[in-house]
>>> print(open('entry30.pdb').read())   # PDB, C-alpha atoms
ATOM      1  CA  MET A  21     -13.221 -27.467   1.417
ATOM      2  CA  GLU A  22     -13.638 -24.074  -0.132
ATOM      3  CA  THR A  23     -15.213 -20.848   1.031
ATOM      4  CA  THR A  24     -17.661 -19.498  -1.529
ATOM      5  CA  HIS A  25     -19.227 -16.058  -1.621
ATOM      6  CA  LYS A  26     -20.942 -13.889  -4.175
ATOM      7  CA  GLU A  27     -18.391 -11.972  -6.210
ATOM      8  CA  PRO A  28     -18.479  -8.266  -5.273
ATOM      9  CA  ASN A  29     -19.007  -5.586  -7.899
ATOM     10  CA  TYR A  30     -15.334  -4.864  -8.565
ATOM     11  CA  MET A  31     -16.041  -2.060 -11.022
ATOM     12  CA  ALA A  32     -18.207  -0.200  -8.476
ATOM     13  CA  VAL A  33     -15.284  -0.397  -5.999
ATOM     14  CA  PHE A  34     -12.959   0.885  -8.717
ATOM     15  CA  TYR A  35     -15.243   3.878  -9.414
ATOM     16  CA  TRP A  36     -15.345   4.687  -5.692
ATOM     17  CA  LEU A  37     -11.551   4.504  -5.472
ATOM     18  CA  ALA A  38     -11.205   6.785  -8.507
ATOM     19  CA  ILE A  39     -13.720   9.298  -7.109
ATOM     20  CA  LEU A  40     -12.030   9.357  -3.691
ATOM     21  CA  THR A  41      -8.638   9.914  -5.379
ATOM     22  CA  VAL A  42     -10.025  12.908  -7.302
ATOM     23  CA  ILE A  43     -11.459  14.316  -4.047
ATOM     24  CA  GLU A  44      -8.027  13.843  -2.409
ATOM     25  CA  ILE A  45      -6.318  15.855  -5.118
ATOM     26  CA  GLY A  46      -8.996  18.559  -4.997
ATOM     27  CA  ILE A  47      -9.013  18.931  -1.220
ATOM     28  CA  ILE A  48      -5.377  20.072  -1.017
ATOM     29  CA  TYR A  49      -6.202  23.143  -3.127
ATOM     30  CA  LEU A  50      -9.219  24.187  -1.008
ATOM     31  CA  PRO A  51      -8.847  27.306   1.165
ATOM     32  CA  LEU A  52      -9.147  25.349   4.416
ATOM     33  CA  SER A  53      -6.922  25.093   7.476
ATOM     34  CA  LYS A  54      -4.038  22.592   7.344
ATOM     35  CA  LEU A  55      -5.601  20.595  10.178
ATOM     36  CA  ILE A  56      -8.931  20.121   8.380
ATOM     37  CA  ILE A  57      -7.188  19.203   5.124
ATOM     38  CA  GLY A  58      -4.885  16.759   6.945
ATOM     39  CA  VAL A  59      -7.729  15.038   8.799
ATOM     40  CA  GLY A  60      -9.782  14.908   5.587
ATOM     41  CA  LEU A  61      -6.907  13.348   3.643
ATOM     42  CA  ILE A  62      -6.287  10.722   6.339
ATOM     43  CA  LEU A  63      -9.991   9.781   6.422
ATOM     44  CA  LEU A  64     -10.079   9.529   2.619
ATOM     45  CA  ALA A  65      -6.914   7.374   2.564
ATOM     46  CA  LEU A  66      -8.290   5.055   5.252
ATOM     47  CA  SER A  67     -11.577   4.755   3.313
ATOM     48  CA  LYS A  68      -9.703   3.809   0.140
ATOM     49  CA  ALA A  69      -7.463   1.339   1.994
ATOM     50  CA  SER A  70     -10.555  -0.230   3.610
ATOM     51  CA  LEU A  71     -12.254  -0.634   0.214
ATOM     52  CA  VAL A  72      -9.184  -2.426  -1.174
ATOM     53  CA  ALA A  73      -8.851  -4.668   1.897
ATOM     54  CA  LEU A  74     -12.551  -5.499   2.203
ATOM     55  CA  TYR A  75     -13.443  -6.104  -1.439
ATOM     56  CA  TYR A  76     -10.282  -6.727  -3.474
ATOM     57  CA  MET A  77      -8.549  -8.710  -0.726
ATOM     58  CA  HIS A  78     -11.928 -10.285   0.183
ATOM     59  CA  LEU A  79     -11.503  -9.535   3.890
ATOM     60  CA  LYS A  80     -15.247  -8.831   4.107
ATOM     61  CA  PHE A  81     -15.937 -12.467   3.211
ATOM     62  CA  GLU A  82     -13.208 -14.064   5.335
ATOM     63  CA  ARG A  83     -13.436 -15.262   8.922
ATOM     64  CA  ARG A  84     -13.293 -12.679  11.653
ATOM     65  CA  THR A  85     -10.030 -14.013  13.081
ATOM     66  CA  LEU A  86      -8.300 -13.285   9.780
ATOM     67  CA  GLY A  87      -9.625  -9.726  10.019
ATOM     68  CA  ILE A  88      -8.061  -9.451  13.472
ATOM     69  CA  ILE A  89      -4.706 -10.557  12.009
ATOM     70  CA  ALA A  90      -5.076  -7.887   9.327
ATOM     71  CA  LEU A  91      -5.979  -5.154  11.830
ATOM     72  CA  THR A  92      -3.141  -5.954  14.263
ATOM     73  CA  PRO A  93      -0.506  -3.877  12.380
ATOM     74  CA  LEU A  94      -2.848  -0.871  12.349
ATOM     75  CA  LEU A  95      -3.318  -1.143  16.110
ATOM     76  CA  ILE A  96       0.417  -1.527  16.777
ATOM     77  CA  CYS A  97       1.295   1.399  14.487
ATOM     78  CA  THR A  98      -1.302   3.587  16.213
ATOM     79  CA  LEU A  99       0.332   2.716  19.544
ATOM     80  CA  LEU A 100       3.727   3.557  18.019
ATOM     81  CA  VAL A 101       2.495   6.997  16.951
ATOM     82  CA  PHE A 102       1.088   7.699  20.424
ATOM     83  CA  SER A 103       4.323   6.539  22.051
ATOM     84  CA  LEU A 104       6.245   9.003  19.870
ATOM     85  CA  LEU A 105       3.939  11.956  20.627
ATOM     86  CA  PRO A 106       5.524  13.034  23.946
ATOM     87  CA  ASP A 107       8.909  13.395  22.228
ATOM     88  CA  LEU A 108       7.473  15.339  19.312
ATOM     89  CA  THR A 109       6.035  18.030  21.532
ATOM     90  CA  LYS A 110       9.403  18.710  23.223
ATOM     91  CA  VAL A 111      12.062  18.355  20.555
ATOM     92  CA  GLN A 112      12.610  20.728  17.672
ATOM     93  CA  HIS A 113      15.464  19.814  15.378
ATOM     94  CA  LYS A 114      17.767  22.705  14.681
ATOM     95  CA  THR A 115      18.999  23.086  11.156
ATOM     96  CA  ALA A 116      21.244  25.612   9.433
ATOM     97  CA  SER A 117      18.314  27.854   8.508
ATOM     98  CA  THR A 118      16.787  27.904  11.997
ATOM     99  CA  LEU A 119      19.946  28.292  14.071
ATOM    100  CA  LYS A 120      20.271  31.782  15.470
ATOM    101  CA  PRO A 121      23.697  33.380  15.829
ATOM    102  CA  PRO A 122      24.975  33.237  19.429
ATOM    103  CA  ALA A 123      24.178  36.257  21.561
ATOM    104  CA  PRO A 124      27.153  38.599  22.050
ATOM    105  CA  ALA A 125      28.995  38.121  25.340
ATOM    106  CA  GLN A 126      28.178  40.775  27.940
ATOM    107  CA  HIS A 127      31.182  42.430  29.538
ATOM    108  CA  GLY A 128      31.421  44.184  32.853
ATOM    109  CA  LYS A 129      29.624  41.605  35.000
TER     110      LYS A 129
ATOM    111  CA  MET B  17     -27.293 -36.028   2.369
ATOM    112  CA  ASN B  18     -26.943 -39.579   1.070
ATOM    113  CA  GLN B  19     -24.177 -41.913   2.090
ATOM    114  CA  ALA B  20     -22.090 -41.369  -1.041
ATOM    115  CA  THR B  21     -22.090 -37.610  -0.529
ATOM    116  CA  ALA B  22     -21.327 -37.994   3.145
ATOM    117  CA  THR B  23     -18.385 -40.263   2.355
ATOM    118  CA  HIS B  24     -17.126 -37.794  -0.245
ATOM    119  CA  THR B  25     -17.416 -34.894   2.200
ATOM    120  CA  HIS B  26     -15.614 -36.891   4.848
ATOM    121  CA  VAL B  27     -12.774 -37.637   2.458
ATOM    122  CA  SER B  28     -12.432 -34.050   1.149
ATOM    123  CA  VAL B  29     -12.276 -32.405   4.595
ATOM    124  CA  GLU B  30      -8.753 -32.355   5.928
ATOM    125  CA  PRO B  31      -8.724 -32.043   9.713
ATOM    126  CA  ALA B  32      -5.207 -30.621   9.613
ATOM    127  CA  GLU B  33      -6.291 -27.645   7.475
ATOM    128  CA  SER B  34      -6.272 -24.222   9.049
ATOM    129  CA  PRO B  35      -9.691 -23.136  10.302
ATOM    130  CA  LEU B  36      -8.858 -19.553   9.284
ATOM    131  CA  THR B  37      -8.204 -20.141   5.606
ATOM    132  CA  PRO B  38      -9.788 -23.453   4.623
ATOM    133  CA  GLU B  39      -8.552 -23.142   1.030
ATOM    134  CA  SER B  40      -4.878 -23.517   1.917
ATOM    135  CA  TRP B  41      -2.156 -22.843   4.434
ATOM    136  CA  GLY B  42      -0.528 -20.613   1.835
ATOM    137  CA  LYS B  43      -3.262 -18.017   2.134
ATOM    138  CA  LEU B  44      -2.878 -17.848   5.911
ATOM    139  CA  GLY B  45       0.898 -17.627   5.459
ATOM    140  CA  MET B  46       0.509 -14.726   3.044
ATOM    141  CA  TRP B  47      -1.781 -12.853   5.444
ATOM    142  CA  ILE B  48       0.708 -13.271   8.291
ATOM    143  CA  PHE B  49       3.529 -12.100   6.017
ATOM    144  CA  LEU B  50       1.464  -9.072   4.946
ATOM    145  CA  ALA B  51       0.713  -8.218   8.589
ATOM    146  CA  GLY B  52       4.464  -8.192   9.300
ATOM    147  CA  ASP B  53       5.174  -6.207   6.169
ATOM    148  CA  ALA B  54       2.456  -3.701   7.082
ATOM    149  CA  MET B  55       4.249  -3.089  10.379
ATOM    150  CA  SER B  56       7.456  -2.308   8.453
ATOM    151  CA  PHE B  57       5.625   0.286   6.373
ATOM    152  CA  GLY B  58       3.817   1.547   9.466
ATOM    153  CA  ALA B  59       7.125   2.049  11.282
ATOM    154  CA  LEU B  60       8.576   3.913   8.288
ATOM    155  CA  LEU B  61       5.545   6.204   8.038
ATOM    156  CA  ALA B  62       5.486   6.801  11.806
ATOM    157  CA  ALA B  63       9.193   7.691  11.710
ATOM    158  CA  TYR B  64       8.500  10.011   8.770
ATOM    159  CA  GLY B  65       5.739  11.736  10.747
ATOM    160  CA  ALA B  66       7.949  12.055  13.831
ATOM    161  CA  MET B  67      10.853  13.610  11.915
ATOM    162  CA  ARG B  68       8.575  15.932   9.997
ATOM    163  CA  ALA B  69       6.745  17.110  13.109
ATOM    164  CA  SER B  70      10.009  17.877  14.918
ATOM    165  CA  SER B  71      11.633  19.672  11.984
ATOM    166  CA  ALA B  72      11.502  23.427  11.678
ATOM    167  CA  ASP B  73      12.100  23.675   7.933
ATOM    168  CA  TRP B  74      10.347  20.695   6.401
ATOM    169  CA  PRO B  75       9.296  21.666   2.864
ATOM    170  CA  VAL B  76       5.684  21.427   1.643
ATOM    171  CA  PRO B  77       5.793  18.164  -0.374
ATOM    172  CA  ALA B  78       3.555  19.542  -3.135
ATOM    173  CA  HIS B  79       6.136  22.299  -3.772
ATOM    174  CA  VAL B  80       8.923  19.760  -4.392
ATOM    175  CA  LEU B  81       7.178  16.632  -5.663
ATOM    176  CA  GLY B  82       5.024  16.268  -8.763
ATOM    177  CA  ILE B  83       1.463  15.651  -7.571
ATOM    178  CA  PRO B  84      -0.177  15.149 -11.034
ATOM    179  CA  LEU B  85       2.356  12.442 -11.951
ATOM    180  CA  THR B  86       1.962  10.555  -8.675
ATOM    181  CA  ALA B  87      -1.834  10.927  -8.847
ATOM    182  CA  PHE B  88      -1.625   9.165 -12.204
ATOM    183  CA  MET B  89       0.625   6.491 -10.649
ATOM    184  CA  THR B  90      -2.007   5.996  -7.925
ATOM    185  CA  PHE B  91      -4.710   5.650 -10.552
ATOM    186  CA  LEU B  92      -2.520   3.149 -12.419
ATOM    187  CA  LEU B  93      -2.109   0.924  -9.356
ATOM    188  CA  ILE B  94      -5.860   1.056  -8.693
ATOM    189  CA  CYS B  95      -6.454  -0.037 -12.312
ATOM    190  CA  SER B  96      -3.942  -2.864 -11.876
ATOM    191  CA  SER B  97      -5.853  -4.028  -8.796
ATOM    192  CA  VAL B  98      -9.018  -4.227 -10.913
ATOM    193  CA  THR B  99      -7.268  -6.250 -13.625
ATOM    194  CA  MET B 100      -5.854  -8.502 -10.879
ATOM    195  CA  VAL B 101      -9.312  -9.365  -9.503
ATOM    196  CA  LYS B 102     -10.511  -9.904 -13.085
ATOM    197  CA  ALA B 103      -7.586 -12.305 -13.632
ATOM    198  CA  LEU B 104      -8.509 -14.165 -10.437
ATOM    199  CA  SER B 105     -12.156 -14.432 -11.538
ATOM    200  CA  ALA B 106     -11.039 -15.768 -14.925
ATOM    201  CA  SER B 107      -8.769 -18.366 -13.293
ATOM    202  CA  LYS B 108     -11.660 -19.535 -11.083
ATOM    203  CA  ARG B 109     -13.860 -19.898 -14.187
ATOM    204  CA  GLY B 110     -11.133 -21.806 -16.004
ATOM    205  CA  ASP B 111     -10.895 -19.051 -18.641
ATOM    206  CA  LYS B 112      -7.220 -19.290 -19.551
ATOM    207  CA  ALA B 113      -7.309 -16.635 -22.306
ATOM    208  CA  GLY B 114      -9.031 -14.098 -20.048
ATOM    209  CA  PHE B 115      -6.674 -14.911 -17.201
ATOM    210  CA  THR B 116      -3.612 -14.399 -19.408
ATOM    211  CA  LYS B 117      -4.945 -11.103 -20.759
ATOM    212  CA  PHE B 118      -5.700  -9.620 -17.328
ATOM    213  CA  MET B 119      -2.461 -10.894 -15.790
ATOM    214  CA  LEU B 120      -0.456  -9.278 -18.579
ATOM    215  CA  MET B 121      -2.366  -6.017 -18.004
ATOM    216  CA  THR B 122      -1.594  -6.188 -14.266
ATOM    217  CA  ILE B 123       2.098  -6.877 -14.852
ATOM    218  CA  GLY B 124       2.167  -4.088 -17.454
ATOM    219  CA  GLY B 125       0.613  -1.684 -14.949
ATOM    220  CA  GLY B 126       3.317  -2.564 -12.436
ATOM    221  CA  LEU B 127       6.068  -2.041 -14.999
ATOM    222  CA  ILE B 128       4.690   1.354 -16.061
ATOM    223  CA  PHE B 129       4.475   2.345 -12.379
ATOM    224  CA  LEU B 130       8.134   1.429 -11.905
ATOM    225  CA  GLY B 131       9.111   3.354 -15.043
ATOM    226  CA  LEU B 132       7.290   6.458 -13.785
ATOM    227  CA  GLN B 133       8.928   6.113 -10.384
ATOM    228  CA  ALA B 134      12.353   5.906 -12.038
ATOM    229  CA  PHE B 135      11.478   9.056 -14.033
ATOM    230  CA  GLU B 136      10.360  10.844 -10.844
ATOM    231  CA  TRP B 137      13.555   9.904  -8.983
ATOM    232  CA  THR B 138      15.745  10.951 -11.911
ATOM    233  CA  HIS B 139      13.955  14.303 -12.123
ATOM    234  CA  LEU B 140      14.331  14.868  -8.377
ATOM    235  CA  ILE B 141      18.011  13.878  -8.227
ATOM    236  CA  HIS B 142      19.270  15.564 -11.394
ATOM    237  CA  GLY B 143      16.686  18.321 -11.882
ATOM    238  CA  LYS B 144      15.989  19.464  -8.319
ATOM    239  CA  HIS B 145      19.165  18.102  -6.645
ATOM    240  CA  VAL B 146      17.212  16.322  -3.919
ATOM    241  CA  THR B 147      19.179  13.250  -2.835
ATOM    242  CA  PHE B 148      19.196  10.786   0.043
ATOM    243  CA  SER B 149      21.316  13.154   2.138
ATOM    244  CA  HIS B 150      20.770  16.574   0.549
ATOM    245  CA  ASN B 151      17.742  18.780   0.043
ATOM    246  CA  PRO B 152      18.022  22.396  -1.172
ATOM    247  CA  TYR B 153      14.367  23.050  -0.213
ATOM    248  CA  GLY B 154      14.875  22.573   3.548
ATOM    249  CA  ALA B 155      15.438  19.670   5.923
ATOM    250  CA  SER B 156      17.770  17.049   4.451
ATOM    251  CA  LEU B 157      15.729  14.336   6.175
ATOM    252  CA  PHE B 158      12.991  15.084   3.639
ATOM    253  CA  GLY B 159      15.103  13.442   0.934
ATOM    254  CA  THR B 160      16.179  10.606   3.235
ATOM    255  CA  THR B 161      12.636   9.664   4.230
ATOM    256  CA  PHE B 162      11.216  10.198   0.731
ATOM    257  CA  PHE B 163      13.712   7.886  -0.978
ATOM    258  CA  ALA B 164      13.583   5.310   1.845
ATOM    259  CA  ILE B 165       9.780   5.007   1.821
ATOM    260  CA  THR B 166       9.170   5.198  -1.940
ATOM    261  CA  GLY B 167      12.216   2.961  -2.536
ATOM    262  CA  PHE B 168      10.915   0.349  -0.088
ATOM    263  CA  HIS B 169       7.545   0.443  -1.838
ATOM    264  CA  GLY B 170       9.181   0.316  -5.282
ATOM    265  CA  ALA B 171      11.088  -2.809  -4.190
ATOM    266  CA  HIS B 172       7.735  -4.360  -3.292
ATOM    267  CA  VAL B 173       6.303  -3.477  -6.719
ATOM    268  CA  THR B 174       9.387  -5.021  -8.365
ATOM    269  CA  GLY B 175       8.916  -8.162  -6.276
ATOM    270  CA  GLY B 176       5.217  -8.175  -7.192
ATOM    271  CA  VAL B 177       5.944  -7.949 -10.925
ATOM    272  CA  LEU B 178       8.378 -10.888 -10.657
ATOM    273  CA  TYR B 179       5.931 -12.861  -8.485
ATOM    274  CA  LEU B 180       2.997 -12.321 -10.881
ATOM    275  CA  SER B 181       5.206 -13.169 -13.873
ATOM    276  CA  ALA B 182       6.162 -16.466 -12.224
ATOM    277  CA  VAL B 183       2.499 -17.239 -11.452
ATOM    278  CA  LEU B 184       1.572 -16.444 -15.067
ATOM    279  CA  MET B 185       4.315 -18.764 -16.350
ATOM    280  CA  ILE B 186       3.007 -21.586 -14.147
ATOM    281  CA  GLY B 187      -0.489 -21.012 -15.580
ATOM    282  CA  LEU B 188       0.686 -20.855 -19.172
ATOM    283  CA  PHE B 189       3.138 -23.738 -19.237
ATOM    284  CA  GLY B 190       2.142 -25.819 -16.224
ATOM    285  CA  ARG B 191      -1.092 -26.542 -14.443
ATOM    286  CA  PHE B 192      -4.234 -24.450 -14.896
ATOM    287  CA  SER B 193      -6.824 -25.912 -12.563
ATOM    288  CA  LYS B 194      -9.015 -25.005  -9.597
ATOM    289  CA  GLU B 195      -6.048 -25.557  -7.302
ATOM    290  CA  TYR B 196      -4.105 -23.107  -9.441
ATOM    291  CA  ALA B 197      -6.759 -20.441  -8.735
ATOM    292  CA  ASN B 198      -5.675 -20.662  -5.105
ATOM    293  CA  ILE B 199      -2.093 -19.800  -6.109
ATOM    294  CA  VAL B 200      -3.439 -16.824  -8.080
ATOM    295  CA  GLU B 201      -5.509 -15.678  -5.097
ATOM    296  CA  ILE B 202      -2.460 -15.693  -2.816
ATOM    297  CA  ALA B 203      -0.454 -13.677  -5.376
ATOM    298  CA  ALA B 204      -3.415 -11.293  -5.759
ATOM    299  CA  LEU B 205      -3.402 -10.661  -1.992
ATOM    300  CA  TYR B 206       0.205  -9.469  -2.256
ATOM    301  CA  TRP B 207      -0.521  -7.229  -5.243
ATOM    302  CA  HIS B 208      -3.551  -5.599  -3.580
ATOM    303  CA  PHE B 209      -1.437  -5.013  -0.482
ATOM    304  CA  VAL B 210       1.133  -3.133  -2.593
ATOM    305  CA  ASP B 211      -1.737  -0.990  -3.938
ATOM    306  CA  LEU B 212      -3.142  -0.416  -0.431
ATOM    307  CA  VAL B 213       0.239   0.696   0.910
ATOM    308  CA  TRP B 214       0.710   3.109  -1.996
ATOM    309  CA  ILE B 215      -2.653   4.734  -1.172
ATOM    310  CA  LEU B 216      -1.258   5.524   2.297
ATOM    311  CA  VAL B 217       2.195   6.563   1.024
ATOM    312  CA  PHE B 218       0.591   8.889  -1.530
ATOM    313  CA  THR B 219      -1.431  10.590   1.194
ATOM    314  CA  PHE B 220       1.228  10.868   3.893
ATOM    315  CA  VAL B 221       4.329  11.595   1.780
ATOM    316  CA  TYR B 222       2.883  13.549  -1.162
ATOM    317  CA  LEU B 223      -0.401  15.206  -0.164
ATOM    318  CA  ILE B 224      -0.243  16.128   3.535
TER     319      ILE B 224
END
>>> encode(input="entry30.pdb", output="structure tokens")
Amino acid sequence: METTHKEPNYMAVFYWLAILTVIEIGIIYLPLSKLIIGVGLILLALSKASLVALYYMHLKFERRTLGIIALTPLLICTLLVFSLLPDLTKVQHKTASTLKPPAPAQHGK
Amino acid sequence: MNQATATHTHVSVEPAESPLTPESWGKLGMWIFLAGDAMSFGALLAAYGAMRASSADWPVPAHVLGIPLTAFMTFLLICSSVTMVKALSASKRGDKAGFTKFMLMTIGGGLIFLGLQAFEWTHLIHGKHVTFSHNPYGASLFGTTFFAITGFHGAHVTGGVLYLSAVLMIGLFGRFSKEYANIVEIAALYWHFVDLVWILVFTFVYLI
């Protein structure tokens, strides 16, 4: 038993991946806010990763259950990021360059 | 469907085969392995994000790392993914010469990637004095996370090069049949995964 499907246009996928990579490089030099650039880069990376998974790894032509197996790590890692968020908003690591000298002791009190 | 065909179909269908990947159990096994491996990379990248967000003096990666070189490395891995799917197509067609040519190109792409990564590491360690525990540009964890993540990925590329070389040897000196195409497809899944992970590493570690 063998699953058969029409072979995707691999070169078209390659051109898309190349174009998206060029956009990624270009976007970091645009005079935009860090947030917009960051969100843009993440969306571009996810688009490229999806193209590789869907067409080169043939996930688009596989059974849905296999797609669920493939998406599970993404879901778990998203949960991991959200579980780390509360800590990130409260903790700021102190390093040699950010440590302030201790305030002088006040006498007479 | 005549009786002969029906009998043939009945014989060829193996009830014990996985309903997810009818071609082989190996393909399902590779997908499950890749899902586990993806969680390892996901945990590393999440930890990287957490340490970076909570650090006051994390350097801008583009100021320390060479973006043009790693952009070329990204392009190289994308090219190697194309040659890998071409090799798989050739193996399915029974085109041994085409398969060998594209497999050698894929393995070559992986080797060049590793060479460029070794050059990048050498330049960082000896030229910019960024090491696993020291970073003159700011937070020392920058070096720790950079070498841990890119090193983990580099180990995967090394494993991929060895894996593809072994598959090529089997094709050249052993069997080259339709069943062999299944072995190539499983190896291709691993190689594309290495490419996919690099796309994310390139974005999170180098560009953002």
>>> resolve_selection(input="entry30.pdb", expression="the PyMOL selection byres ((chain A and resi 42) around 12)", output="PDB file with C-alpha atoms, in the frame of the given file")
ATOM      1  CA  TYR A  35     -15.243   3.878  -9.414  1.00  0.00           C
ATOM      2  CA  TRP A  36     -15.345   4.687  -5.692  1.00  0.00           C
ATOM      3  CA  LEU A  37     -11.551   4.504  -5.472  1.00  0.00           C
ATOM      4  CA  ALA A  38     -11.205   6.785  -8.507  1.00  0.00           C
ATOM      5  CA  ILE A  39     -13.720   9.298  -7.109  1.00  0.00           C
ATOM      6  CA  LEU A  40     -12.030   9.357  -3.691  1.00  0.00           C
ATOM      7  CA  THR A  41      -8.638   9.914  -5.379  1.00  0.00           C
ATOM      8  CA  ILE A  43     -11.459  14.316  -4.047  1.00  0.00           C
ATOM      9  CA  GLU A  44      -8.027  13.843  -2.409  1.00  0.00           C
ATOM     10  CA  ILE A  45      -6.318  15.855  -5.118  1.00  0.00           C
ATOM     11  CA  GLY A  46      -8.996  18.559  -4.997  1.00  0.00           C
ATOM     12  CA  ILE A  47      -9.013  18.931  -1.220  1.00  0.00           C
ATOM     13  CA  ILE A  48      -5.377  20.072  -1.017  1.00  0.00           C
ATOM     14  CA  TYR A  49      -6.202  23.143  -3.127  1.00  0.00           C
ATOM     15  CA  LEU A  61      -6.907  13.348   3.643  1.00  0.00           C
ATOM     16  CA  LEU A  64     -10.079   9.529   2.619  1.00  0.00           C
ATOM     17  CA  ALA A  65      -6.914   7.374   2.564  1.00  0.00           C
ATOM     18  CA  LYS A  68      -9.703   3.809   0.140  1.00  0.00           C
TER      19      LYS A  68
ATOM     20  CA  ILE B  83       1.463  15.651  -7.571  1.00  0.00           C
ATOM     21  CA  PRO B  84      -0.177  15.149 -11.034  1.00  0.00           C
ATOM     22  CA  ALA B  87      -1.834  10.927  -8.847  1.00  0.00           C
ATOM     23  CA  PHE B  88      -1.625   9.165 -12.204  1.00  0.00           C
ATOM     24  CA  THR B  90      -2.007   5.996  -7.925  1.00  0.00           C
ATOM     25  CA  PHE B  91      -4.710   5.650 -10.552  1.00  0.00           C
TER      26      PHE B  91
END
>>> interface_residues(input="entry30.pdb", of="chain B", to="chain A", cutoff="6 Å", atoms="all atoms listed in the file", output="ChimeraX atom specification")
/B:29,39,51,55,58,62,70-71,205,212,216,224
>>> resolve_selection(input="entry30.pdb", expression="the PyMOL selection byres ((chain B and resi 134-138) around 12)", output="PyMOL selection string")
chain B and resi 80-86+89+127-133+139-148+159+162-164+166-167+170-171+174
>>> resolve_selection(input="entry30.pdb", expression="the PyMOL selection byres ((chain B and resi 109-118) around 10)", output="list of chain:residue names")
B:Ser96, B:Val98, B:Thr99, B:Met100, B:Val101, B:Lys102, B:Ala103, B:Leu104, B:Ser105, B:Ala106, B:Ser107, B:Lys108, B:Met119, B:Leu120, B:Met121, B:Thr122, B:Ile123, B:Gly124, B:Leu184, B:Met185, B:Gly187, B:Leu188, B:Phe192, B:Ser193, B:Lys194, B:Tyr196, B:Ala197, B:Val200
>>> atom_distance(input="entry30.pdb", atom1="atom CA of B:Leu60", atom2="atom CA of B:Leu180")
25.7 Å
>>> atom_distance(input="entry30.pdb", atom1="atom CA of A:Ala32", atom2="atom CA of B:Gly125")
20.0 Å
>>> residues_around(input="entry30.pdb", residues="B:Pro75", least_positions_apart="6", cutoff="8 Å", atoms="all atoms listed in the file", output="list in words")
Tyr153, Gly154, Ala155 and Phe158 of chain B
>>> atom_distance(input="entry30.pdb", atom1="atom CA of B:Trp41", atom2="atom CA of B:Cys95")
28.6 Å
>>> axis_aligned_box(input="entry30.pdb", around="stretch 28-46 of chain A", padding_each_side="8 Å", output="JSON")
{"center_x": -12.7, "center_y": 5.1, "center_z": -6.7, "size_x": 28.7, "size_y": 42.8, "size_z": 24.6}
>>> closest_residue(input="entry30.pdb", among="A:Pro51, A:Pro106, A:Leu99, A:Pro28", to="A:Phe81", atoms="all atoms listed in the file")
A:Pro28
>>> closest_residue(input="entry30.pdb", among="B:Ala59, B:Leu157, B:Val177, B:Ile165", to="B:Ala72", atoms="only C-alpha atoms")
B:Leu157
